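One file, start_34.cif, carrying mmCIF, C-alpha atoms:
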data_upload
#
loop_
_atom_site.group_PDB
_atom_site.id
_atom_site.type_symbol
_atom_site.label_atom_id
_atom_site.label_comp_id
_atom_site.auth_asym_id
_atom_site.auth_seq_id
_atom_site.Cartn_x
_atom_site.Cartn_y
_atom_site.Cartn_z
ATOM 1 C CA MET A 1 0.000 0.000 0.000
ATOM 2 C CA CYS A 2 2.781 2.412 0.955
ATOM 3 C CA ARG A 3 4.623 1.539 -2.252
ATOM 4 C CA PHE A 4 1.485 2.287 -4.303
ATOM 5 C CA LEU A 5 0.996 5.658 -2.588
ATOM 6 C CA LEU A 6 4.643 6.544 -3.158
ATOM 7 C CA LEU A 7 4.413 5.705 -6.863
ATOM 8 C CA SER A 8 1.205 7.722 -7.174
ATOM 9 C CA LEU A 9 2.826 10.696 -5.485
ATOM 10 C CA LEU A 10 5.843 10.503 -7.777
ATOM 11 C CA SER A 11 3.527 10.381 -10.807
ATOM 12 C CA LEU A 12 1.675 13.492 -9.659
ATOM 13 C CA LEU A 13 4.930 15.348 -9.070
ATOM 14 C CA ALA A 14 6.117 14.394 -12.545
ATOM 15 C CA LEU A 15 2.903 15.708 -14.085
ATOM 16 C CA ALA A 16 3.194 18.925 -12.100
ATOM 17 C CA GLY A 17 6.765 19.318 -13.245
ATOM 18 C CA SER A 18 5.811 18.851 -16.884
ATOM 19 C CA ALA A 19 3.140 21.544 -16.535
ATOM 20 C CA GLN A 20 5.710 23.969 -15.153
ATOM 21 C CA ALA A 21 7.951 23.890 -18.230
ATOM 22 C CA ASP A 22 10.987 26.071 -17.737
ATOM 23 C CA VAL A 23 10.984 28.230 -20.869
ATOM 24 C CA ARG A 24 13.900 30.594 -20.430
ATOM 25 C CA LEU A 25 12.801 34.024 -21.580
ATOM 26 C CA LEU A 26 15.214 36.956 -21.589
ATOM 27 C CA THR A 27 14.538 40.614 -22.354
ATOM 28 C CA SER A 28 17.033 43.362 -23.015
ATOM 29 C CA ILE A 29 15.497 45.970 -20.695
ATOM 30 C CA LYS A 30 13.337 46.036 -17.570
ATOM 31 C CA PRO A 31 10.086 47.350 -19.187
ATOM 32 C CA LEU A 32 9.995 44.334 -21.515
ATOM 33 C CA GLN A 33 10.697 42.063 -18.551
ATOM 34 C CA LEU A 34 7.723 43.599 -16.737
ATOM 35 C CA ILE A 35 5.425 42.838 -19.671
ATOM 36 C CA ALA A 36 6.783 39.288 -19.895
ATOM 37 C CA ALA A 37 6.243 38.813 -16.148
ATOM 38 C CA ALA A 38 2.547 39.550 -16.625
ATOM 39 C CA VAL A 39 2.295 36.899 -19.354
ATOM 40 C CA GLN A 40 4.353 34.276 -17.491
ATOM 41 C CA ASP A 41 2.701 34.851 -14.122
ATOM 42 C CA GLY A 42 2.394 31.573 -12.244
ATOM 43 C CA VAL A 43 4.428 29.629 -14.805
ATOM 44 C CA GLY A 44 7.893 31.159 -15.063
ATOM 45 C CA ALA A 45 10.054 34.174 -14.284
ATOM 46 C CA PRO A 46 11.588 36.183 -17.161
ATOM 47 C CA ASP A 47 15.154 37.414 -16.876
ATOM 48 C CA VAL A 48 16.557 40.783 -17.949
ATOM 49 C CA LEU A 49 19.910 41.550 -19.550
ATOM 50 C CA LEU A 50 20.686 45.109 -18.461
ATOM 51 C CA PRO A 51 21.310 45.704 -14.748
ATOM 52 C CA PRO A 52 19.497 48.554 -12.930
ATOM 53 C CA GLY A 53 20.832 51.948 -13.951
ATOM 54 C CA ALA A 54 22.458 50.768 -17.193
ATOM 55 C CA SER A 55 21.693 52.752 -20.326
ATOM 56 C CA PRO A 56 20.236 50.757 -23.237
ATOM 57 C CA HIS A 57 21.880 53.232 -25.599
ATOM 58 C CA ASN A 58 25.481 52.294 -24.841
ATOM 59 C CA TYR A 59 25.701 49.251 -22.564
ATOM 60 C CA ALA A 60 28.940 47.218 -22.688
ATOM 61 C CA LEU A 61 28.150 43.507 -22.694
ATOM 62 C CA ARG A 62 30.181 41.170 -20.485
ATOM 63 C CA PRO A 63 31.135 37.661 -21.667
ATOM 64 C CA SER A 64 28.480 36.240 -19.320
ATOM 65 C CA ASP A 65 25.883 38.521 -20.947
ATOM 66 C CA VAL A 66 26.820 37.239 -24.395
ATOM 67 C CA ARG A 67 26.451 33.632 -23.254
ATOM 68 C CA LYS A 68 23.076 34.390 -21.705
ATOM 69 C CA VAL A 69 21.791 36.003 -24.909
ATOM 70 C CA ARG A 70 22.926 33.080 -27.036
ATOM 71 C CA GLU A 71 21.568 30.330 -24.769
ATOM 72 C CA VAL A 72 18.016 31.404 -23.858
ATOM 73 C CA GLU A 73 15.002 29.990 -25.702
ATOM 74 C CA LEU A 74 13.260 33.337 -26.257
ATOM 75 C CA PHE A 75 14.881 36.779 -26.458
ATOM 76 C CA TYR A 76 13.087 40.128 -26.802
ATOM 77 C CA TRP A 77 14.670 43.515 -27.423
ATOM 78 C CA ILE A 78 13.377 46.838 -28.704
ATOM 79 C CA GLY A 79 15.617 46.974 -31.771
ATOM 80 C CA PRO A 80 18.698 48.601 -33.279
ATOM 81 C CA ASP A 81 17.242 52.066 -32.739
ATOM 82 C CA LEU A 82 17.646 51.614 -28.976
ATOM 83 C CA GLU A 83 20.115 48.830 -28.106
ATOM 84 C CA THR A 84 22.864 49.620 -30.579
ATOM 85 C CA PHE A 85 25.218 47.182 -28.834
ATOM 86 C CA LEU A 86 23.109 44.071 -29.567
ATOM 87 C CA PRO A 87 22.963 43.393 -33.349
ATOM 88 C CA ARG A 88 26.457 41.895 -33.565
ATOM 89 C CA VAL A 89 25.821 39.572 -30.609
ATOM 90 C CA LEU A 90 22.466 38.442 -31.968
ATOM 91 C CA GLN A 91 24.114 37.141 -35.133
ATOM 92 C CA GLY A 92 25.214 34.156 -33.055
ATOM 93 C CA ARG A 93 21.679 33.223 -31.958
ATOM 94 C CA SER A 94 19.702 30.410 -33.536
ATOM 95 C CA ALA A 95 16.716 30.432 -31.151
ATOM 96 C CA PRO A 96 13.754 32.837 -31.622
ATOM 97 C CA THR A 97 14.643 36.522 -31.311
ATOM 98 C CA VAL A 98 12.057 39.293 -31.483
ATOM 99 C CA SER A 99 12.806 42.941 -32.177
ATOM 100 C CA VAL A 100 9.569 44.388 -30.851
ATOM 101 C CA GLN A 101 9.875 47.635 -32.818
ATOM 102 C CA THR A 102 9.055 45.577 -35.938
ATOM 103 C CA LEU A 103 5.827 44.047 -34.587
ATOM 104 C CA PRO A 104 2.718 44.870 -36.636
ATOM 105 C CA GLY A 105 0.110 46.920 -34.830
ATOM 106 C CA LEU A 106 2.461 49.141 -32.858
ATOM 107 C CA HIS A 107 1.890 52.893 -32.660
ATOM 108 C CA LEU A 108 5.309 54.300 -33.534
ATOM 109 C CA ARG A 109 6.551 57.870 -33.262
ATOM 110 C CA HIS A 110 9.550 59.654 -34.702
ATOM 111 C CA PHE A 111 11.541 62.400 -33.045
ATOM 112 C CA GLY A 112 10.332 65.861 -33.959
ATOM 113 C CA GLU A 113 6.822 64.578 -34.607
ATOM 114 C CA GLY A 114 4.045 67.007 -33.666
ATOM 115 C CA GLU A 115 6.390 69.809 -32.582
ATOM 116 C CA ALA A 116 5.274 72.455 -35.058
ATOM 117 C CA HIS A 117 3.582 74.427 -32.295
ATOM 118 C CA ALA A 118 5.869 73.515 -29.441
ATOM 119 C CA ASP A 119 8.690 75.612 -28.009
ATOM 120 C CA HIS A 120 11.525 73.602 -29.565
ATOM 121 C CA ASP A 121 14.495 74.118 -31.760
ATOM 122 C CA ASP A 122 16.772 71.575 -33.448
ATOM 123 C CA GLY A 123 19.432 71.997 -30.781
ATOM 124 C CA GLU A 124 17.099 70.794 -28.066
ATOM 125 C CA HIS A 125 17.043 67.187 -29.210
ATOM 126 C CA ASP A 126 19.360 64.567 -27.775
ATOM 127 C CA HIS A 127 22.315 63.979 -30.065
ATOM 128 C CA ASP A 128 21.226 60.377 -30.722
ATOM 129 C CA HIS A 129 17.573 61.402 -31.124
ATOM 130 C CA ARG A 130 17.757 63.257 -34.408
ATOM 131 C CA PRO A 131 14.490 64.569 -35.864
ATOM 132 C CA GLY A 132 12.935 61.992 -38.178
ATOM 133 C CA THR A 133 14.528 58.965 -36.520
ATOM 134 C CA LEU A 134 12.443 56.362 -34.715
ATOM 135 C CA ASP A 135 11.593 57.076 -31.103
ATOM 136 C CA ALA A 136 12.302 53.663 -29.604
ATOM 137 C CA HIS A 137 10.815 54.377 -26.150
ATOM 138 C CA LEU A 138 7.672 52.672 -27.418
ATOM 139 C CA TRP A 139 6.895 50.748 -24.204
ATOM 140 C CA LEU A 140 5.577 53.939 -22.597
ATOM 141 C CA LEU A 141 2.299 53.585 -24.482
ATOM 142 C CA PRO A 142 -0.126 50.988 -23.031
ATOM 143 C CA ASP A 143 -1.469 50.102 -26.488
ATOM 144 C CA ASN A 144 2.047 49.060 -27.497
ATOM 145 C CA ALA A 145 2.357 46.929 -24.381
ATOM 146 C CA ARG A 146 -0.749 45.045 -25.565
ATOM 147 C CA VAL A 147 0.929 44.189 -28.857
ATOM 148 C CA ILE A 148 4.154 43.076 -27.173
ATOM 149 C CA ALA A 149 2.330 40.947 -24.603
ATOM 150 C CA ALA A 150 0.269 39.250 -27.311
ATOM 151 C CA ARG A 151 3.428 38.256 -29.190
ATOM 152 C CA MET A 152 5.046 36.954 -26.012
ATOM 153 C CA ALA A 153 1.953 34.900 -25.161
ATOM 154 C CA ALA A 154 1.928 33.380 -28.653
ATOM 155 C CA ASP A 155 5.632 32.516 -28.509
ATOM 156 C CA LEU A 156 5.385 31.014 -25.029
ATOM 157 C CA SER A 157 2.316 28.984 -26.002
ATOM 158 C CA ALA A 158 4.203 27.543 -28.960
ATOM 159 C CA ALA A 159 7.268 26.734 -26.845
ATOM 160 C CA ASP A 160 5.239 25.382 -23.923
ATOM 161 C CA PRO A 161 1.879 24.009 -25.181
ATOM 162 C CA ALA A 162 0.999 22.486 -21.800
ATOM 163 C CA ASN A 163 0.769 25.965 -20.301
ATOM 164 C CA ALA A 164 -0.753 27.709 -23.320
ATOM 165 C CA PRO A 165 -4.146 28.197 -21.592
ATOM 166 C CA ARG A 166 -2.416 29.905 -18.673
ATOM 167 C CA TYR A 167 -0.436 32.241 -20.930
ATOM 168 C CA GLN A 168 -3.584 33.212 -22.802
ATOM 169 C CA ALA A 169 -5.516 33.763 -19.566
ATOM 170 C CA ASN A 170 -2.677 35.931 -18.261
ATOM 171 C CA LEU A 171 -2.734 37.906 -21.494
ATOM 172 C CA ARG A 172 -6.475 38.580 -21.197
ATOM 173 C CA ALA A 173 -6.068 39.650 -17.563
ATOM 174 C CA PHE A 174 -3.193 41.974 -18.524
ATOM 175 C CA GLU A 175 -5.222 43.531 -21.340
ATOM 176 C CA GLY A 176 -8.069 44.175 -18.926
ATOM 177 C CA ARG A 177 -5.731 45.852 -16.451
ATOM 178 C CA LEU A 178 -4.279 48.012 -19.242
ATOM 179 C CA THR A 179 -7.745 49.403 -19.942
ATOM 180 C CA GLN A 180 -8.051 50.347 -16.282
ATOM 181 C CA LEU A 181 -4.502 51.735 -16.315
ATOM 182 C CA ASP A 182 -5.267 54.023 -19.244
ATOM 183 C CA GLN A 183 -8.276 55.478 -17.435
ATOM 184 C CA ARG A 184 -6.268 55.889 -14.240
ATOM 185 C CA LEU A 185 -3.417 57.695 -15.996
ATOM 186 C CA ARG A 186 -5.777 60.130 -17.732
ATOM 187 C CA GLN A 187 -7.367 61.038 -14.423
ATOM 188 C CA ARG A 188 -4.021 61.420 -12.675
ATOM 189 C CA VAL A 189 -2.508 63.932 -15.111
ATOM 190 C CA ALA A 190 -5.712 65.825 -15.840
ATOM 191 C CA GLY A 191 -5.207 69.504 -15.120
ATOM 192 C CA VAL A 192 -1.401 69.676 -15.345
ATOM 193 C CA GLY A 193 -0.994 69.554 -19.114
ATOM 194 C CA GLY A 194 -0.321 73.263 -19.493
ATOM 195 C CA LYS A 195 2.275 73.559 -16.750
ATOM 196 C CA PRO A 196 5.915 73.951 -17.866
ATOM 197 C CA TYR A 197 8.520 71.284 -17.343
ATOM 198 C CA PHE A 198 11.872 70.317 -18.813
ATOM 199 C CA VAL A 199 13.636 66.981 -19.262
ATOM 200 C CA PHE A 200 17.254 65.966 -19.692
ATOM 201 C CA HIS A 201 16.410 63.097 -22.025
ATOM 202 C CA GLU A 202 13.813 63.077 -24.785
ATOM 203 C CA GLY A 203 12.357 59.732 -23.849
ATOM 204 C CA PHE A 204 8.759 60.425 -22.821
ATOM 205 C CA ASP A 205 7.006 61.481 -26.035
ATOM 206 C CA TYR A 206 4.807 58.359 -26.260
ATOM 207 C CA PHE A 207 3.463 58.919 -22.778
ATOM 208 C CA GLU A 208 3.113 62.664 -23.260
ATOM 209 C CA SER A 209 1.264 62.466 -26.569
ATOM 210 C CA ALA A 210 -1.172 59.900 -25.163
ATOM 211 C CA TYR A 211 -2.046 61.914 -22.067
ATOM 212 C CA GLY A 212 -2.009 65.532 -23.213
ATOM 213 C CA LEU A 213 1.413 66.536 -21.889
ATOM 214 C CA GLN A 214 4.291 68.390 -23.574
ATOM 215 C CA HIS A 215 7.739 69.138 -22.191
ATOM 216 C CA ARG A 216 8.876 72.706 -22.726
ATOM 217 C CA GLY A 217 12.459 71.789 -23.600
ATOM 218 C CA VAL A 218 15.184 69.140 -23.586
ATOM 219 C CA PHE A 219 18.464 70.027 -21.940
ATOM 220 C CA SER A 220 20.293 67.085 -23.563
ATOM 221 C CA ALA A 221 23.113 66.950 -21.047
ATOM 222 C CA ALA A 222 25.068 63.700 -21.029
ATOM 223 C CA THR A 223 25.813 62.528 -17.513
ATOM 224 C CA GLU A 224 29.529 62.257 -18.159
ATOM 225 C CA VAL A 225 29.962 65.546 -20.036
ATOM 226 C CA GLN A 226 29.593 68.994 -18.494
ATOM 227 C CA PRO A 227 28.113 71.399 -21.085
ATOM 228 C CA GLY A 228 29.834 74.664 -21.874
ATOM 229 C CA ALA A 229 29.009 78.002 -20.281
ATOM 230 C CA ARG A 230 27.025 79.174 -23.319
ATOM 231 C CA HIS A 231 24.772 76.128 -23.248
ATOM 232 C CA VAL A 232 24.214 76.484 -19.503
ATOM 233 C CA ALA A 233 23.285 80.162 -19.983
ATOM 234 C CA GLU A 234 20.795 79.247 -22.703
ATOM 235 C CA MET A 235 19.180 76.640 -20.471
ATOM 236 C CA ARG A 236 18.907 79.086 -17.566
ATOM 237 C CA GLU A 237 17.297 81.624 -19.861
ATOM 238 C CA LYS A 238 14.638 79.105 -20.852
ATOM 239 C CA LEU A 239 13.932 78.379 -17.202
ATOM 240 C CA GLN A 240 13.696 82.094 -16.396
ATOM 241 C CA GLN A 241 11.216 82.607 -19.213
ATOM 242 C CA ALA A 242 9.113 79.657 -18.063
ATOM 243 C CA GLY A 243 8.647 80.902 -14.508
ATOM 244 C CA PRO A 244 7.749 78.225 -11.936
ATOM 245 C CA ALA A 245 8.644 74.912 -13.581
ATOM 246 C CA CYS A 246 9.761 71.340 -12.964
ATOM 247 C CA VAL A 247 13.029 69.893 -14.230
ATOM 248 C CA PHE A 248 13.114 66.094 -14.467
ATOM 249 C CA SER A 249 16.231 63.967 -14.496
ATOM 250 C CA GLU A 250 16.320 60.171 -14.647
ATOM 251 C CA PRO A 251 17.595 57.861 -11.912
ATOM 252 C CA PRO A 252 20.172 56.894 -10.920
ATOM 253 C CA TRP A 253 21.916 59.989 -12.283
ATOM 254 C CA ARG A 254 21.209 63.640 -11.695
ATOM 255 C CA PRO A 255 23.330 65.815 -14.011
ATOM 256 C CA LYS A 256 25.765 67.973 -12.078
ATOM 257 C CA LEU A 257 24.456 71.185 -13.606
ATOM 258 C CA THR A 258 20.958 70.833 -12.128
ATOM 259 C CA GLU A 259 21.809 72.909 -9.070
ATOM 260 C CA THR A 260 23.450 75.571 -11.246
ATOM 261 C CA LEU A 261 20.375 75.760 -13.437
ATOM 262 C CA ALA A 262 17.937 75.988 -10.543
ATOM 263 C CA GLU A 263 19.859 78.428 -8.345
ATOM 264 C CA GLY A 264 17.701 81.449 -7.554
ATOM 265 C CA LEU A 265 14.839 80.309 -9.803
ATOM 266 C CA PRO A 266 11.377 78.960 -8.873
ATOM 267 C CA VAL A 267 12.338 75.528 -10.182
ATOM 268 C CA LYS A 268 11.540 72.145 -8.657
ATOM 269 C CA MET A 269 13.837 69.197 -9.304
ATOM 270 C CA ALA A 270 12.318 65.706 -9.625
ATOM 271 C CA GLU A 271 12.872 62.364 -11.354
ATOM 272 C CA LEU A 272 11.124 60.379 -14.075
ATOM 273 C CA ASP A 273 12.059 56.724 -14.443
ATOM 274 C CA ALA A 274 11.218 55.423 -17.925
ATOM 275 C CA LEU A 275 12.974 52.097 -17.297
ATOM 276 C CA GLY A 276 11.532 51.158 -13.910
ATOM 277 C CA ALA A 277 14.984 50.426 -12.529
ATOM 278 C CA ARG A 278 13.756 49.949 -8.956
ATOM 279 C CA LEU A 279 10.690 47.830 -9.755
ATOM 280 C CA ASN A 280 10.311 44.124 -9.144
ATOM 281 C CA ALA A 281 9.362 41.953 -12.095
ATOM 282 C CA ASN A 282 5.877 40.740 -11.219
ATOM 283 C CA ALA A 283 2.480 40.545 -12.906
ATOM 284 C CA HIS A 284 1.660 44.173 -12.064
ATOM 285 C CA GLY A 285 5.103 45.662 -12.643
ATOM 286 C CA TYR A 286 4.301 47.300 -15.973
ATOM 287 C CA GLU A 287 1.283 49.095 -14.541
ATOM 288 C CA GLN A 288 3.425 50.258 -11.641
ATOM 289 C CA LEU A 289 5.974 51.683 -14.080
ATOM 290 C CA LEU A 290 3.416 53.949 -15.753
ATOM 291 C CA ASP A 291 1.591 54.738 -12.511
ATOM 292 C CA ASP A 292 4.885 55.940 -11.048
ATOM 293 C CA LEU A 293 5.579 58.037 -14.130
ATOM 294 C CA ALA A 294 2.179 59.739 -13.928
ATOM 295 C CA ASN A 295 2.436 60.282 -10.183
ATOM 296 C CA ASP A 296 5.929 61.755 -10.405
ATOM 297 C CA LEU A 297 4.948 64.105 -13.222
ATOM 298 C CA ALA A 298 1.684 65.238 -11.681
ATOM 299 C CA GLY A 299 3.120 65.407 -8.174
ATOM 300 C CA CYS A 300 5.747 67.931 -9.199
ATOM 301 C CA LEU A 301 3.569 69.979 -11.538
ATOM 302 C CA GLU A 302 0.679 70.232 -9.092
ATOM 303 C CA GLY A 303 3.006 71.934 -6.636
ATOM 304 C CA LEU A 304 3.933 74.803 -8.951
#
Would you kindly transcribe this structure into structure tokens?
Amino acid sequence: MCRFLLLSLLSLLALAGSAQADVRLLTSIKPLQLIAAAVQDGVGAPDVLLPPGASPHNYALRPSDVRKVREVELFYWIGPDLETFLPRVLQGRSAPTVSVQTLPGLHLRHFGEGEAHADHDDGEHDHDHRPGTLDAHLWLLPDNARVIAARMAADLSAADPANAPRYQANLRAFEGRLTQLDQRLRQRVAGVGGKPYFVFHEGFDYFESAYGLQHRGVFSAATEVQPGARHVAEMREKLQQAGPACVFSEPPWRPKLTETLAEGLPVKMAELDALGARLNANAHGYEQLLDDLANDLAGCLEGL
């Protein structure tokens, strides 16, 4: 009798193990990991390539990173317009690789789009964000997250058919939460759209265009390079003309010139985190990323 019970228990454990197939999914950046975590909830845990605080524009891969990219079953990245360091490494991959910027159904923007009536000039763009080039910060639009999640659910279902119903159920739950998220974000930023603010990195246009916001200028100061006196004077003049305003940097860096710019002016310094560096990868992580963005924007602007 004991032997029969033991064999039955081992059979059940084997079935449970087969239902929890370990599909190794890797994303280049945290926002994609957050979307994958929603799809894999209860089945697996996606990994992320870039460590917290690393820039996707110029990350230097370690040998262990290269091995990880080449060995995982599924790999997702934005594309060559963001992670310029990845194309050469990806040539050595044979398993499925998805550049999400190429997915059909995405709403894509290009730098300089819709700025005819905004207070911009060509010098205000980041050097690697030239007008007319693709704005690769596409994850900041919930509708794009839907498209990415749907592709991930399809790929995971194909790689792990036993858990396909769970992936599809997770996808439907995520899509429902995105509808609620969109309504929540609109309510949170209502009333602050006309208030002036400045950013150091032109990475928020998807979010801004969706929710009626518009930065007044981009200071385009690289963290490792101190701009010249003329550029600093021009930035201070813009702040003086704006009156009470917010200036947003991105964690973990705050450019050294922020205090110089704000000295003696009615300027509030705050942070916007487009990458969710401090977030945990769980089923609700993506919603938390955009909730935090809306709260940080509105929280500063409401205090002007």
Nearest-residue call for Leu279 of chain A, choices A:Gln33, A:Thr260, A:Ser28, A:Gln180, using only C-alpha atoms | A:Gln33
Would you mind listing what lies within 10 Å of Ala298 of chain A as a PDB file with C-alpha atoms, keeping the file's coordinate frame, with only C-alpha atoms counted and same-chain residues fewer than 5 positions away left out?
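Now in around_12.pdb:
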ATOM      1  CA  ARG A 188      -4.021  61.420 -12.675  1.00  0.00           C
ATOM      2  CA  VAL A 189      -2.508  63.932 -15.111  1.00  0.00           C
ATOM      3  CA  ALA A 190      -5.712  65.825 -15.840  1.00  0.00           C
ATOM      4  CA  GLY A 191      -5.207  69.504 -15.120  1.00  0.00           C
ATOM      5  CA  VAL A 192      -1.401  69.676 -15.345  1.00  0.00           C
ATOM      6  CA  GLY A 193      -0.994  69.554 -19.114  1.00  0.00           C
ATOM      7  CA  LYS A 195       2.275  73.559 -16.750  1.00  0.00           C
ATOM      8  CA  ASP A 292       4.885  55.940 -11.048  1.00  0.00           C
ATOM      9  CA  LEU A 293       5.579  58.037 -14.130  1.00  0.00           C
ATOM     10  CA  GLY A 303       3.006  71.934  -6.636  1.00  0.00           C
TER      11      GLY A 303
END
Selected residue of minimal separation from Asp22 of chain A among A:Glu234, A:Asp160, A:Asp47, A:Glu71, counting only C-alpha atoms | A:Asp160
List, as a PyMOL selection string, every residue that the PyMOL selection byres ((chain A and resi 79-94) around 9) selects in the file provided.
-> chain A and resi 28+55-61+66+69-71+76-78+95-102+133-137
Target residues per the PyMOL selection byres ((chain A and resi 105-108) around 8), formatted as a PyMOL selection string = chain A and resi 101+103-104+109-110+134-135+138+143-144+147
Point-to-point distance from atom CA of Tyr197 of chain A to atom CA of Ala145 of chain A, Å rounded to tenths |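 Atom CA of Ala145 of chain A lies at a distance of 26.1 Å from atom CA of Tyr197 of chain A.
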For Ser157 of chain A, find every residue with an atom within 12 Å (counting all atoms listed in the file), except residues of its own chain fewer than 2 positions away, and show them as a PDB file with C-alpha atoms, in the coordinates of the input.
ATOM      1  CA  ALA A  21       7.951  23.890 -18.230  1.00  0.00           C
ATOM      2  CA  VAL A  23      10.984  28.230 -20.869  1.00  0.00           C
ATOM      3  CA  VAL A  39       2.295  36.899 -19.354  1.00  0.00           C
ATOM      4  CA  GLN A  40       4.353  34.276 -17.491  1.00  0.00           C
ATOM      5  CA  VAL A  43       4.428  29.629 -14.805  1.00  0.00           C
ATOM      6  CA  LEU A  74      13.260  33.337 -26.257  1.00  0.00           C
ATOM      7  CA  ALA A 150       0.269  39.250 -27.311  1.00  0.00           C
ATOM      8  CA  ARG A 151       3.428  38.256 -29.190  1.00  0.00           C
ATOM      9  CA  MET A 152       5.046  36.954 -26.012  1.00  0.00           C
ATOM     10  CA  ALA A 153       1.953  34.900 -25.161  1.00  0.00           C
ATOM     11  CA  ALA A 154       1.928  33.380 -28.653  1.00  0.00           C
ATOM     12  CA  ASP A 155       5.632  32.516 -28.509  1.00  0.00           C
ATOM     13  CA  ALA A 159       7.268  26.734 -26.845  1.00  0.00           C
ATOM     14  CA  ASP A 160       5.239  25.382 -23.923  1.00  0.00           C
ATOM     15  CA  PRO A 161       1.879  24.009 -25.181  1.00  0.00           C
ATOM     16  CA  ALA A 162       0.999  22.486 -21.800  1.00  0.00           C
ATOM     17  CA  ASN A 163       0.769  25.965 -20.301  1.00  0.00           C
ATOM     18  CA  ALA A 164      -0.753  27.709 -23.320  1.00  0.00           C
ATOM     19  CA  PRO A 165      -4.146  28.197 -21.592  1.00  0.00           C
ATOM     20  CA  ARG A 166      -2.416  29.905 -18.673  1.00  0.00           C
ATOM     21  CA  TYR A 167      -0.436  32.241 -20.930  1.00  0.00           C
ATOM     22  CA  GLN A 168      -3.584  33.212 -22.802  1.00  0.00           C
ATOM     23  CA  ALA A 169      -5.516  33.763 -19.566  1.00  0.00           C
ATOM     24  CA  ASN A 170      -2.677  35.931 -18.261  1.00  0.00           C
ATOM     25  CA  LEU A 171      -2.734  37.906 -21.494  1.00  0.00           C
TER      26      LEU A 171
END
If you count all atoms listed in the file, which residues fall within 12 Å of Thr179 of chain A, apart from same-chain ones fewer than 6 positions away, as a list in words?
->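 Residues meeting the cut-off are Leu141, Pro142, Asp143, Ala145, Arg146, Arg172, Ala173, Leu185, Arg186 and Glu287 of chain A.
Nearest to Leu304 of chain A of all the residues A:Gly203, A:Gly228, A:Pro196, A:Gly44 is A:Pro196, based on all atoms listed in the file.
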Would you work out the distance separating atom CA of Phe207 of chain A from atom CA of Leu140 of chain A, expressed in Å to one decimal?
->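 Separation between atom CA of Phe207 of chain A and atom CA of Leu140 of chain A: 5.4 Å.
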What is the atom CA of Pro255 of chain A-atom CA of Asp273 of chain A distance in Å, reported with one decimal?
->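 So the answer is 14.5 Å.
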Considering all atoms listed in the file, state which residue in the set A:Pro46, A:Gly243, A:Gly132, A:Gly194 is at the smallest distance from Val72 of chain A.
->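 Of all the options, A:Pro46 lies closest to Val72 of chain A.
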Taking all atoms of segment 66-72 of chain A that appear in the file, build a box with edges along x, y and z, extend it by 3 Å on every side, and state its centre and edge lengths in Å to one decimal, as JSON.
{"center_x": 22.4, "center_y": 33.8, "center_z": -24.4, "size_x": 14.8, "size_y": 12.9, "size_z": 11.3}
